[in-house]
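With PDB, C-alpha atoms inside, this is upload00.pdb:
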ATOM      1  CA  MET E  25       0.000   0.000   0.000
ATOM      2  CA  GLN E  26       1.407   3.369  -1.021
ATOM      3  CA  LEU E  27       1.613   5.760   1.923
ATOM      4  CA  THR E  28       0.312   9.248   1.167
ATOM      5  CA  ILE E  29       1.052  12.525   2.912
ATOM      6  CA  GLY E  30      -2.540  12.597   4.174
ATOM      7  CA  ASP E  31      -1.913   9.376   6.094
ATOM      8  CA  ILE E  32       0.649  11.082   8.327
ATOM      9  CA  ALA E  33      -0.824  14.602   8.556
ATOM     10  CA  ASP E  34      -1.243  16.027  12.062
ATOM     11  CA  THR E  35      -3.891  18.483  13.152
ATOM     12  CA  CYS E  36      -2.636  22.049  13.085
ATOM     13  CA  LEU E  37      -3.315  25.389  14.680
ATOM     14  CA  LYS E  38      -4.967  27.873  12.317
ATOM     15  CA  VAL E  39      -5.347  31.644  12.374
ATOM     16  CA  THR E  40      -6.914  34.128   9.977
ATOM     17  CA  PRO E  41      -4.794  36.638   8.030
ATOM     18  CA  SER E  42      -6.228  39.443  10.173
ATOM     19  CA  THR E  43      -4.893  37.901  13.394
ATOM     20  CA  LYS E  44      -2.501  40.288  15.163
ATOM     21  CA  CYS E  45       1.150  39.270  15.457
ATOM     22  CA  GLU E  46       0.810  39.907  19.182
ATOM     23  CA  GLU E  47      -1.676  37.025  19.463
ATOM     24  CA  VAL E  48       0.587  34.693  17.474
ATOM     25  CA  TYR E  49       3.536  35.667  19.679
ATOM     26  CA  LYS E  50       1.511  34.871  22.779
ATOM     27  CA  THR E  51       0.447  31.494  21.317
ATOM     28  CA  PHE E  52       4.044  30.492  20.614
ATOM     29  CA  LYS E  53       5.071  31.525  24.128
ATOM     30  CA  GLU E  54       2.286  29.482  25.722
ATOM     31  CA  SER E  55       3.002  26.400  23.555
ATOM     32  CA  PRO E  56       6.789  25.828  23.490
ATOM     33  CA  SER E  57       6.484  22.658  21.381
ATOM     34  CA  LEU E  58       4.476  24.428  18.669
ATOM     35  CA  GLU E  59       6.687  25.032  15.620
ATOM     36  CA  GLY E  60       4.280  26.536  13.152
ATOM     37  CA  ILE E  61       0.830  27.992  12.514
ATOM     38  CA  VAL E  62      -1.156  27.874   9.276
ATOM     39  CA  VAL E  63      -2.854  31.043   8.063
ATOM     40  CA  CYS E  64      -6.244  30.246   6.517
ATOM     41  CA  LEU E  65      -9.007  32.167   4.810
ATOM     42  CA  ASN E  66     -12.359  30.358   4.796
ATOM     43  CA  ASP E  67     -10.542  27.168   5.811
ATOM     44  CA  ARG E  68      -8.199  27.416   2.807
ATOM     45  CA  PRO E  69      -4.495  27.802   3.619
ATOM     46  CA  ILE E  70      -2.837  30.916   2.243
ATOM     47  CA  GLY E  71       0.390  30.974   4.226
ATOM     48  CA  LEU E  72       2.551  29.561   7.002
ATOM     49  CA  VAL E  73       4.180  31.093  10.050
ATOM     50  CA  MET E  74       7.089  29.091  11.434
ATOM     51  CA  LYS E  75       8.181  30.090  14.914
ATOM     52  CA  THR E  76      11.845  30.482  13.976
ATOM     53  CA  HIS E  77      11.099  32.842  11.073
ATOM     54  CA  PHE E  78       8.552  34.759  13.134
ATOM     55  CA  TYR E  79      11.019  35.336  15.963
ATOM     56  CA  GLN E  80      13.698  36.351  13.458
ATOM     57  CA  ALA E  81      11.383  39.029  12.075
ATOM     58  CA  LEU E  82      10.658  40.313  15.557
ATOM     59  CA  SER E  83      14.347  40.347  16.524
ATOM     60  CA  THR E  84      15.380  42.771  13.785
ATOM     61  CA  LYS E  85      15.878  46.410  14.660
ATOM     62  CA  TYR E  86      12.468  47.886  15.462
ATOM     63  CA  GLY E  87      10.924  44.566  14.418
ATOM     64  CA  PHE E  88       9.082  43.963  17.687
ATOM     65  CA  ASN E  89       7.494  47.415  17.730
ATOM     66  CA  LEU E  90       6.905  47.345  13.985
ATOM     67  CA  PHE E  91       4.986  44.056  13.794
ATOM     68  CA  MET E  92       3.341  43.367  17.138
ATOM     69  CA  ASN E  93       0.247  45.479  16.466
ATOM     70  CA  ARG E  94       0.016  44.521  12.814
ATOM     71  CA  THR E  95      -1.614  41.515  11.142
ATOM     72  CA  ILE E  96       0.093  38.174  10.651
ATOM     73  CA  ASP E  97      -0.285  38.217   6.863
ATOM     74  CA  LEU E  98       2.611  40.702   6.764
ATOM     75  CA  VAL E  99       5.101  38.127   8.037
ATOM     76  CA  MET E 100       3.652  34.804   6.875
ATOM     77  CA  ASN E 101       5.348  32.774   4.144
ATOM     78  CA  LYS E 102       3.029  32.955   1.126
ATOM     79  CA  GLU E 103       5.139  30.448  -0.852
ATOM     80  CA  SER E 104       4.901  27.577   1.627
ATOM     81  CA  LEU E 105       4.731  24.016   0.312
ATOM     82  CA  MET E 106       1.107  22.886   0.020
ATOM     83  CA  VAL E 107       0.214  19.409  -1.269
ATOM     84  CA  ASP E 108      -2.964  17.410  -1.649
ATOM     85  CA  SER E 109      -3.487  14.617   0.864
ATOM     86  CA  SER E 110      -3.398  12.001  -1.920
ATOM     87  CA  VAL E 111       0.230  12.688  -2.933
ATOM     88  CA  PRO E 112       2.688   9.865  -2.010
ATOM     89  CA  ILE E 113       5.145  10.783   0.735
ATOM     90  CA  THR E 114       8.036   9.895  -1.582
ATOM     91  CA  ASP E 115       6.975  12.684  -3.955
ATOM     92  CA  VAL E 116       6.402  15.142  -1.109
ATOM     93  CA  SER E 117       9.822  14.372   0.347
ATOM     94  CA  ALA E 118      11.514  15.177  -2.959
ATOM     95  CA  ARG E 119       9.645  18.475  -3.242
ATOM     96  CA  ALA E 120      10.341  19.384   0.368
ATOM     97  CA  MET E 121      14.066  18.721   0.006
ATOM     98  CA  ASN E 122      14.202  20.949  -3.082
ATOM     99  CA  ARG E 123      13.184  24.017  -1.090
ATOM    100  CA  SER E 124      15.643  26.750  -0.217
ATOM    101  CA  LEU E 125      17.826  26.170   2.836
ATOM    102  CA  GLU E 126      15.944  28.924   4.657
ATOM    103  CA  HIS E 127      12.648  27.019   4.438
ATOM    104  CA  LEU E 128      13.970  23.459   4.332
ATOM    105  CA  TYR E 129      12.529  22.563   7.749
ATOM    106  CA  ASP E 130       9.193  24.350   7.377
ATOM    107  CA  TYR E 131       5.998  22.362   7.802
ATOM    108  CA  VAL E 132       4.389  20.839   4.746
ATOM    109  CA  ILE E 133       0.769  21.994   4.537
ATOM    110  CA  VAL E 134      -1.641  19.200   3.597
ATOM    111  CA  THR E 135      -4.937  19.977   1.880
ATOM    112  CA  SER E 136      -7.993  18.066   0.753
ATOM    113  CA  GLN E 137      -9.956  19.603  -2.110
ATOM    114  CA  GLY E 138      -8.170  22.869  -1.380
ATOM    115  CA  ARG E 139      -9.127  22.969   2.298
ATOM    116  CA  ILE E 140      -6.742  22.544   5.188
ATOM    117  CA  ARG E 141      -6.227  18.936   6.287
ATOM    118  CA  GLY E 142      -3.208  19.350   8.555
ATOM    119  CA  THR E 143       0.558  19.687   8.540
ATOM    120  CA  VAL E 144       3.552  17.358   8.465
ATOM    121  CA  SER E 145       6.902  18.208  10.011
ATOM    122  CA  ILE E 146      10.069  17.349   8.145
ATOM    123  CA  LYS E 147      11.121  15.130  11.035
ATOM    124  CA  ASN E 148       7.971  12.999  10.782
ATOM    125  CA  LEU E 149       8.141  12.989   6.989
ATOM    126  CA  LEU E 150      11.695  11.620   7.007
ATOM    127  CA  ILE E 151      10.876   9.037   9.687
ATOM    128  CA  LYS E 152       7.953   7.710   7.646
ATOM    129  CA  LEU E 153       9.959   7.855   4.425
ATOM    130  CA  THR E 154      12.676   5.736   6.026
ATOM    131  CA  GLU E 155      10.086   3.203   7.187
ATOM    132  CA  VAL E 156       8.662   3.031   3.653
ATOM    133  CA  GLN E 157      12.116   2.594   2.118
ATOM    134  CA  VAL E 158      13.010  -0.172   4.588
ATOM    135  CA  ASN E 159       9.727  -1.927   3.819
ATOM    136  CA  ILE E 160      10.310  -1.593   0.080
ATOM    137  CA  ALA E 161      13.833  -2.981   0.413
ATOM    138  CA  ARG E 162      12.566  -5.898   2.475
ATOM    139  CA  ASN E 163       9.973  -6.769  -0.163
ATOM    140  CA  SER E 164      11.976  -5.962  -3.281
ATOM    141  CA  ASN E 165      13.598  -8.237  -5.814
ATOM    142  CA  PRO E 166      17.362  -8.178  -5.106
ATOM    143  CA  LEU E 167      18.285  -8.174  -8.811
ATOM    144  CA  THR E 168      16.146  -5.255  -9.988
ATOM    145  CA  GLY E 169      15.178  -3.485  -6.768
ATOM    146  CA  LEU E 170      11.539  -3.558  -7.882
ATOM    147  CA  PRO E 171       8.714  -4.458  -5.469
ATOM    148  CA  GLY E 172       8.098  -8.169  -5.129
ATOM    149  CA  ASN E 173       5.014 -10.316  -4.693
ATOM    150  CA  THR E 174       3.850  -8.970  -1.320
ATOM    151  CA  VAL E 175       3.612  -5.414  -2.610
ATOM    152  CA  ILE E 176       2.323  -6.607  -5.999
ATOM    153  CA  ASN E 177      -0.615  -8.389  -4.369
ATOM    154  CA  GLU E 178      -1.428  -5.312  -2.272
ATOM    155  CA  THR E 179      -1.299  -3.112  -5.368
ATOM    156  CA  LEU E 180      -3.622  -5.406  -7.323
ATOM    157  CA  GLN E 181      -6.089  -5.436  -4.432
ATOM    158  CA  GLU E 182      -6.093  -1.632  -4.476
ATOM    159  CA  ALA E 183      -6.465  -1.554  -8.266
ATOM    160  CA  LEU E 184      -9.732  -3.488  -8.053
ATOM    161  CA  LEU E 185     -11.234  -0.545  -6.173
ATOM    162  CA  ILE E 186     -10.446   2.195  -8.679
ATOM    163  CA  GLU E 187     -12.576   3.299 -11.625
ATOM    164  CA  LYS E 188     -10.074   2.542 -14.382
ATOM    165  CA  PHE E 189      -7.042   0.290 -14.403
ATOM    166  CA  SER E 190      -4.906  -1.691 -16.813
ATOM    167  CA  VAL E 191      -2.539  -4.427 -15.682
ATOM    168  CA  LEU E 192       0.381  -5.351 -17.922
ATOM    169  CA  TYR E 193       1.876  -8.802 -17.384
ATOM    170  CA  ILE E 194       5.281  -8.781 -19.089
ATOM    171  CA  ASP E 195       7.681 -11.652 -19.584
ATOM    172  CA  ILE E 196      10.643 -12.576 -21.760
ATOM    173  CA  ASP E 197      10.165 -15.390 -24.252
ATOM    174  CA  SER E 198      12.968 -17.934 -24.852
ATOM    175  CA  PHE E 199      14.777 -16.612 -21.790
ATOM    176  CA  LYS E 200      15.647 -20.029 -20.363
ATOM    177  CA  VAL E 201      17.457 -21.024 -23.550
ATOM    178  CA  PHE E 202      19.274 -17.679 -23.550
ATOM    179  CA  ASN E 203      20.281 -18.095 -19.919
ATOM    180  CA  ASP E 204      21.502 -21.653 -20.504
ATOM    181  CA  SER E 205      23.408 -20.672 -23.649
ATOM    182  CA  TYR E 206      25.012 -17.400 -22.562
ATOM    183  CA  GLY E 207      25.258 -17.824 -18.795
ATOM    184  CA  PHE E 208      23.515 -16.318 -15.810
ATOM    185  CA  ARG E 209      25.559 -13.088 -15.899
ATOM    186  CA  LYS E 210      24.215 -12.220 -19.325
ATOM    187  CA  GLY E 211      20.808 -13.421 -18.207
ATOM    188  CA  ASP E 212      20.883 -11.115 -15.198
ATOM    189  CA  GLU E 213      21.924  -8.246 -17.451
ATOM    190  CA  VAL E 214      18.914  -8.840 -19.689
ATOM    191  CA  ILE E 215      16.613  -8.936 -16.640
ATOM    192  CA  ARG E 216      17.986  -5.654 -15.265
ATOM    193  CA  GLU E 217      17.819  -3.869 -18.600
ATOM    194  CA  THR E 218      14.284  -5.104 -19.180
ATOM    195  CA  ALA E 219      13.288  -3.787 -15.760
ATOM    196  CA  ASN E 220      14.805  -0.391 -16.562
ATOM    197  CA  ILE E 221      12.972  -0.239 -19.888
ATOM    198  CA  ILE E 222       9.628  -1.043 -18.263
ATOM    199  CA  VAL E 223      10.061   1.453 -15.423
ATOM    200  CA  GLU E 224      11.285   4.288 -17.636
ATOM    201  CA  THR E 225       8.600   3.716 -20.267
ATOM    202  CA  VAL E 226       5.667   3.344 -17.891
ATOM    203  CA  ARG E 227       6.639   6.380 -15.833
ATOM    204  CA  SER E 228       7.306   8.526 -18.895
ATOM    205  CA  TYR E 229       3.654   8.036 -19.890
ATOM    206  CA  THR E 230       1.966   7.933 -16.495
ATOM    207  CA  GLY E 231       4.219   9.672 -13.975
ATOM    208  CA  SER E 232       4.427   8.494 -10.382
ATOM    209  CA  SER E 233       0.839   7.217 -10.249
ATOM    210  CA  SER E 234       1.810   3.948 -11.938
ATOM    211  CA  PHE E 235       3.317   0.822 -10.408
ATOM    212  CA  VAL E 236       5.963  -1.564 -11.692
ATOM    213  CA  GLY E 237       6.845  -4.790  -9.919
ATOM    214  CA  HIS E 238       9.045  -7.842 -10.460
ATOM    215  CA  ILE E 239       7.095 -11.072 -10.021
ATOM    216  CA  GLY E 240      10.286 -13.096 -10.290
ATOM    217  CA  GLY E 241      12.642 -14.495 -12.900
ATOM    218  CA  ASP E 242      11.736 -12.921 -16.245
ATOM    219  CA  ASP E 243       8.184 -11.938 -15.221
ATOM    220  CA  PHE E 244       7.183  -8.333 -14.523
ATOM    221  CA  ILE E 245       3.968  -6.450 -13.886
ATOM    222  CA  ALA E 246       2.819  -2.869 -14.358
ATOM    223  CA  VAL E 247      -0.402  -1.244 -13.136
ATOM    224  CA  ILE E 248      -1.679   2.014 -14.639
ATOM    225  CA  HIS E 249      -4.806   3.973 -13.706
ATOM    226  CA  ASP E 250      -6.320   4.288 -17.175
ATOM    227  CA  PHE E 251      -6.770   2.383 -20.435
ATOM    228  CA  ASN E 252      -3.985   4.130 -22.367
ATOM    229  CA  TYR E 253      -1.675   1.143 -22.514
ATOM    230  CA  LYS E 254      -1.097   0.720 -26.254
ATOM    231  CA  GLU E 255       1.665   3.301 -26.653
ATOM    232  CA  ILE E 256       3.304   2.047 -23.471
ATOM    233  CA  CYS E 257       3.344  -1.529 -24.761
ATOM    234  CA  GLN E 258       4.574  -0.501 -28.196
ATOM    235  CA  SER E 259       7.391   1.525 -26.655
ATOM    236  CA  ILE E 260       8.443  -1.313 -24.323
ATOM    237  CA  ILE E 261       8.521  -3.727 -27.254
ATOM    238  CA  SER E 262      10.476  -1.349 -29.465
ATOM    239  CA  ARG E 263      13.061  -0.630 -26.793
ATOM    240  CA  PHE E 264      13.355  -4.281 -25.743
ATOM    241  CA  ASP E 265      13.877  -5.492 -29.307
ATOM    242  CA  GLN E 266      16.572  -2.869 -29.836
ATOM    243  CA  MET E 267      18.272  -3.701 -26.533
ATOM    244  CA  SER E 268      18.227  -7.466 -27.088
ATOM    245  CA  ARG E 269      20.058  -7.274 -30.425
ATOM    246  CA  ARG E 270      23.379  -6.453 -28.796
ATOM    247  CA  PHE E 271      23.429  -9.831 -27.022
ATOM    248  CA  TYR E 272      23.644 -11.730 -30.309
ATOM    249  CA  ASN E 273      26.236 -11.910 -33.064
ATOM    250  CA  GLU E 274      25.498 -10.899 -36.636
ATOM    251  CA  LYS E 275      24.965 -14.460 -37.825
ATOM    252  CA  GLU E 276      22.358 -15.160 -35.133
ATOM    253  CA  LEU E 277      20.558 -11.926 -35.901
ATOM    254  CA  MET E 278      20.482 -12.687 -39.617
ATOM    255  CA  ARG E 279      18.978 -16.161 -39.214
ATOM    256  CA  GLY E 280      16.720 -15.201 -36.297
ATOM    257  CA  TYR E 281      17.534 -18.082 -33.979
ATOM    258  CA  VAL E 282      20.262 -19.655 -31.888
ATOM    259  CA  GLU E 283      21.344 -23.277 -31.820
ATOM    260  CA  ALA E 284      20.818 -24.888 -28.440
ATOM    261  CA  ILE E 285      20.806 -28.369 -26.965
ATOM    262  CA  SER E 286      17.336 -29.407 -25.809
ATOM    263  CA  ARG E 287      16.585 -31.364 -22.638
ATOM    264  CA  MET E 288      16.452 -34.460 -24.834
ATOM    265  CA  GLY E 289      20.026 -33.831 -25.950
ATOM    266  CA  LYS E 290      19.071 -32.761 -29.461
ATOM    267  CA  LEU E 291      20.315 -29.694 -31.314
ATOM    268  CA  GLU E 292      17.404 -27.292 -31.824
ATOM    269  CA  HIS E 293      16.788 -23.873 -33.292
ATOM    270  CA  SER E 294      15.532 -21.573 -30.550
ATOM    271  CA  PRO E 295      14.027 -18.146 -31.316
ATOM    272  CA  LEU E 296      15.833 -15.027 -30.138
ATOM    273  CA  ILE E 297      14.493 -13.536 -26.940
ATOM    274  CA  SER E 298      11.368 -11.440 -27.320
ATOM    275  CA  VAL E 299       8.864  -9.873 -24.956
ATOM    276  CA  SER E 300       5.194 -10.745 -24.474
ATOM    277  CA  ILE E 301       2.770  -8.352 -22.787
ATOM    278  CA  ALA E 302      -0.657  -9.594 -21.698
ATOM    279  CA  VAL E 303      -2.964  -6.705 -20.843
ATOM    280  CA  VAL E 304      -6.021  -7.014 -18.620
ATOM    281  CA  SER E 305      -8.217  -4.022 -17.773
ATOM    282  CA  ASN E 306     -11.649  -3.354 -16.292
ATOM    283  CA  LYS E 307     -12.744  -1.547 -19.449
ATOM    284  CA  SER E 308     -15.265  -4.238 -20.348
ATOM    285  CA  VAL E 309     -14.936  -6.737 -17.483
ATOM    286  CA  THR E 310     -15.466  -6.254 -13.758
ATOM    287  CA  PHE E 311     -13.114  -8.206 -11.523
ATOM    288  CA  GLN E 312     -14.056  -9.065  -7.965
ATOM    289  CA  THR E 313     -10.798 -10.722  -6.943
ATOM    290  CA  VAL E 314      -7.130 -10.753  -7.854
ATOM    291  CA  GLU E 315      -7.510 -14.447  -8.657
ATOM    292  CA  GLN E 316     -10.086 -13.659 -11.368
ATOM    293  CA  LEU E 317      -7.811 -11.027 -12.837
ATOM    294  CA  SER E 318      -4.821 -13.380 -12.811
ATOM    295  CA  LYS E 319      -6.832 -16.138 -14.503
ATOM    296  CA  GLU E 320      -7.816 -13.842 -17.374
ATOM    297  CA  ALA E 321      -4.226 -12.647 -17.655
ATOM    298  CA  ALA E 322      -3.070 -16.264 -17.984
ATOM    299  CA  ASN E 323      -5.490 -16.746 -20.893
ATOM    300  CA  VAL E 324      -4.197 -13.652 -22.687
ATOM    301  CA  LYS E 325      -0.614 -14.622 -21.958
ATOM    302  CA  LYS E 326      -1.209 -18.023 -23.537
ATOM    303  CA  LYS E 327      -2.312 -16.278 -26.733
ATOM    304  CA  CYS E 328       0.828 -14.142 -26.651
ATOM    305  CA  LYS E 329       3.028 -17.224 -26.376
ATOM    306  CA  GLU E 330       1.615 -18.568 -29.612
ATOM    307  CA  ILE E 331       3.286 -15.668 -31.439
ATOM    308  CA  LYS E 332       7.022 -16.039 -31.989
ATOM    309  CA  TYR E 333       8.006 -12.390 -31.775
ATOM    310  CA  SER E 334       7.473  -9.458 -29.419
ATOM    311  CA  VAL E 335       3.781  -8.782 -29.031
ATOM    312  CA  PHE E 336       1.120  -7.363 -26.782
ATOM    313  CA  LEU E 337      -2.472  -8.516 -26.626
ATOM    314  CA  SER E 338      -5.321  -7.262 -24.498
ATOM    315  CA  LEU E 339      -8.350  -8.960 -23.067
ATOM    316  CA  GLU E 340     -10.564  -6.824 -25.330
ATOM    317  CA  ASP E 341      -8.924  -7.819 -28.604
ATOM    318  CA  TYR E 342      -7.309 -11.258 -28.558
ATOM    319  CA  ASP E 343      -7.558 -11.515 -32.297
ATOM    320  CA  ARG E 344      -5.474  -8.432 -33.000
ATOM    321  CA  GLU E 345      -1.703  -8.453 -32.794
ATOM    322  CA  PHE E 346       0.266  -5.340 -31.891
ATOM    323  CA  VAL E 347       3.923  -5.657 -32.664
ATOM    324  CA  SER E 348       6.902  -3.387 -33.035
TER     325      SER E 348
END
Give the structure from this file in structure tokens form.
Amino acid sequence: MQLTIGDIADTCLKVTPSTKCEEVYKTFKESPSLEGIVVCLNDRPIGLVMKTHFYQALSTKYGFNLFMNRTIDLVMNKESLMVDSSVPITDVSARAMNRSLEHLYDYVIVTSQGRIRGTVSIKNLLIKLTEVQVNIARNSNPLTGLPGNTVINETLQEALLIEKFSVLYIDIDSFKVFNDSYGFRKGDEVIRETANIIVETVRSYTGSSSFVGHIGGDDFIAVIHDFNYKEICQSIISRFDQMSRRFYNEKELMRGYVEAISRMGKLEHSPLISVSIAVVSNKSVTFQTVEQLSKEAANVKKKCKEIKYSVFLSLEDYDREFVS
């Protein structure tokens, strides 16, 4: 389950822009642990007052006399970081760390439909981010660093609840023969490069809302929150086919196969590695369980395997072949 900034937001103290600085000063004095106050207009945040910046303003020459009887909107930070509660904490962390050094430790203001939801301190954000990263590492494939089956199953469960989703089951055809013929080091290199292609392609089209996981071996999965999978699949296929060529010599590329010894001890012609993508979405079918979704994916994948080159097929159009 992806942790969002709304999941860790704390309640916050709010004031209106017409609140006098004197009242804010008194509040900070009475609550030593309070680090910041959100300035809101009609429950919508418009600025942030961090105690350190507020005291700095008051400590300047004539600052105390200048501001104490004036309104807080004169000293609030109007450019504070505000994010919707649905944004993943990994994204928020990156944005927070890109702030200027002066405001690096300011609260992050969390909103919901534009209204104040709460705040998150940088300390709590980093603690939660570390927990997430440790959990990801614990459940990640050691070869690719991608989330493994525990996280994959959680993601698929969540996907069943959203309005639109497409699941891409991706695997490498003829990989076992390649691995046996060229060795596990080359095999691992193919796996890693395939993972990079999938991640880069999926995220270039969908941003951080998508998910890519490594089921194991040469099997991968991607989950996107729409039905716009065709260009993604075409791009993955195109990049994979280009990448895979460098693992073969010119003769093998020209004839389109490699010679390998079968389990029966016979010399056989094995196709070059290719990639199959079975796509299952809820565009025309409603899935109640992950098991139902996986069963349909297996049917589509079987159709893909009947084609001896890189291909993607969807549940909606078995009979059509989309190739590079």
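Here atom CA of Gln316 of chain E is placed at a distance of 13.7 Å from atom CA of Val303 of chain E.
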Proximity check segment 114-195 of chain E to segment 85-108 of chain E, 10 Å, nearest pairs one decimal Å, all atoms listed in the file, as CSV:
residue,atom,partner,partner_atom,distance
E:Asp115,CA,E:Val107,CA,9.9
E:Val116,CA,E:Val107,CA,7.5
E:Arg119,CA,E:Leu105,CA,8.2
E:Ala120,CA,E:Leu105,CA,7.3
E:Arg123,CA,E:Leu105,CA,8.6
E:His127,CA,E:Ser104,CA,8.3
E:Asp130,CA,E:Ser104,CA,7.9
E:Tyr131,CA,E:Leu105,CA,7.8
E:Val132,CA,E:Leu105,CA,5.5
E:Ile133,CA,E:Met106,CA,4.6
E:Val134,CA,E:Val107,CA,5.2
E:Thr135,CA,E:Asp108,CA,4.8
E:Ser136,CA,E:Asp108,CA,5.6
E:Gln137,CA,E:Asp108,CA,7.3
E:Gly138,CA,E:Asp108,CA,7.5
E:Arg139,CA,E:Asp108,CA,9.2
E:Ile140,CA,E:Asp108,CA,9.3
E:Arg141,CA,E:Asp108,CA,8.7
E:Thr143,CA,E:Met106,CA,9.1
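Note that atom CA of Ile222 of chain E and atom CA of Tyr333 of chain E are 17.7 Å apart.
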What do you get, as a list in words, if you spell out every residue that the PyMOL selection byres ((chain E and resi 175) around 9) selects here?
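Selected by the PyMOL selection byres ((chain E and resi 175) around 9) in this file: Met25, Ile160, Asn163, Ser164, Pro171, Gly172, Asn173, Thr174, Ile176, Asn177, Glu178, Thr179, Leu180 and Gly237 of chain E.
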Quick one: write out the picked residues with C-alpha atoms as a PDB file, in the frame of the given file?
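Below you can see part_0.pdb, which holds the result:
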ATOM      1  CA  MET E  25       0.000   0.000   0.000  1.00  0.00           C
ATOM      2  CA  ILE E 160      10.310  -1.593   0.080  1.00  0.00           C
ATOM      3  CA  ASN E 163       9.973  -6.769  -0.163  1.00  0.00           C
ATOM      4  CA  SER E 164      11.976  -5.962  -3.281  1.00  0.00           C
ATOM      5  CA  PRO E 171       8.714  -4.458  -5.469  1.00  0.00           C
ATOM      6  CA  GLY E 172       8.098  -8.169  -5.129  1.00  0.00           C
ATOM      7  CA  ASN E 173       5.014 -10.316  -4.693  1.00  0.00           C
ATOM      8  CA  THR E 174       3.850  -8.970  -1.320  1.00  0.00           C
ATOM      9  CA  ILE E 176       2.323  -6.607  -5.999  1.00  0.00           C
ATOM     10  CA  ASN E 177      -0.615  -8.389  -4.369  1.00  0.00           C
ATOM     11  CA  GLU E 178      -1.428  -5.312  -2.272  1.00  0.00           C
ATOM     12  CA  THR E 179      -1.299  -3.112  -5.368  1.00  0.00           C
ATOM     13  CA  LEU E 180      -3.622  -5.406  -7.323  1.00  0.00           C
ATOM     14  CA  GLY E 237       6.845  -4.790  -9.919  1.00  0.00           C
TER      15      GLY E 237
END
Which polymer residues have any atom within 12 Å of an atom of Asn66 of chain E, counting all atoms listed in the file, with same-chain residues fewer than 3 positions away left out, as a list of chain:residue names?
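Contacts, in chain order: E:Lys38, E:Val39, E:Thr40, E:Pro41, E:Val63, E:Pro69, E:Ile70, E:Gly138, E:Arg139, E:Ile140.
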Reconstruct segment 230-242 of chain E at the level of N, CA and C atoms, and format the result as a PDB file, keeping the file's coordinate frame.
ATOM      1  N   THR E 230       2.961   7.846 -17.565  1.00  0.00           N
ATOM      2  CA  THR E 230       1.966   7.933 -16.495  1.00  0.00           C
ATOM      3  C   THR E 230       2.423   8.708 -15.263  1.00  0.00           C
ATOM      4  N   GLY E 231       3.720   8.996 -15.166  1.00  0.00           N
ATOM      5  CA  GLY E 231       4.219   9.672 -13.975  1.00  0.00           C
ATOM      6  C   GLY E 231       4.303   8.725 -12.787  1.00  0.00           C
ATOM      7  N   SER E 232       4.223   9.290 -11.601  1.00  0.00           N
ATOM      8  CA  SER E 232       4.427   8.494 -10.382  1.00  0.00           C
ATOM      9  C   SER E 232       3.187   7.722  -9.946  1.00  0.00           C
ATOM     10  N   SER E 233       2.064   7.903 -10.658  1.00  0.00           N
ATOM     11  CA  SER E 233       0.839   7.217 -10.249  1.00  0.00           C
ATOM     12  C   SER E 233       0.856   5.739 -10.610  1.00  0.00           C
ATOM     13  N   SER E 234       1.763   5.330 -11.484  1.00  0.00           N
ATOM     14  CA  SER E 234       1.810   3.948 -11.938  1.00  0.00           C
ATOM     15  C   SER E 234       2.625   3.083 -10.980  1.00  0.00           C
ATOM     16  N   PHE E 235       2.582   1.779 -11.231  1.00  0.00           N
ATOM     17  CA  PHE E 235       3.317   0.822 -10.408  1.00  0.00           C
ATOM     18  C   PHE E 235       3.999  -0.192 -11.309  1.00  0.00           C
ATOM     19  N   VAL E 236       5.236  -0.513 -10.985  1.00  0.00           N
ATOM     20  CA  VAL E 236       5.963  -1.564 -11.692  1.00  0.00           C
ATOM     21  C   VAL E 236       6.552  -2.507 -10.661  1.00  0.00           C
ATOM     22  N   GLY E 237       6.321  -3.796 -10.845  1.00  0.00           N
ATOM     23  CA  GLY E 237       6.845  -4.790  -9.919  1.00  0.00           C
ATOM     24  C   GLY E 237       7.534  -5.921 -10.658  1.00  0.00           C
ATOM     25  N   HIS E 238       8.310  -6.701  -9.897  1.00  0.00           N
ATOM     26  CA  HIS E 238       9.045  -7.842 -10.460  1.00  0.00           C
ATOM     27  C   HIS E 238       8.502  -9.104  -9.804  1.00  0.00           C
ATOM     28  N   ILE E 239       7.710  -9.859 -10.553  1.00  0.00           N
ATOM     29  CA  ILE E 239       7.095 -11.072 -10.021  1.00  0.00           C
ATOM     30  C   ILE E 239       8.161 -12.103  -9.668  1.00  0.00           C
ATOM     31  N   GLY E 240       9.189 -12.153 -10.493  1.00  0.00           N
ATOM     32  CA  GLY E 240      10.286 -13.096 -10.290  1.00  0.00           C
ATOM     33  C   GLY E 240      10.794 -13.590 -11.622  1.00  0.00           C
ATOM     34  N   GLY E 241      12.070 -14.006 -11.652  1.00  0.00           N
ATOM     35  CA  GLY E 241      12.642 -14.495 -12.900  1.00  0.00           C
ATOM     36  C   GLY E 241      12.535 -13.462 -14.005  1.00  0.00           C
ATOM     37  N   ASP E 242      11.886 -13.840 -15.113  1.00  0.00           N
ATOM     38  CA  ASP E 242      11.736 -12.921 -16.245  1.00  0.00           C
ATOM     39  C   ASP E 242      10.310 -12.386 -16.347  1.00  0.00           C
TER      40      ASP E 242
END
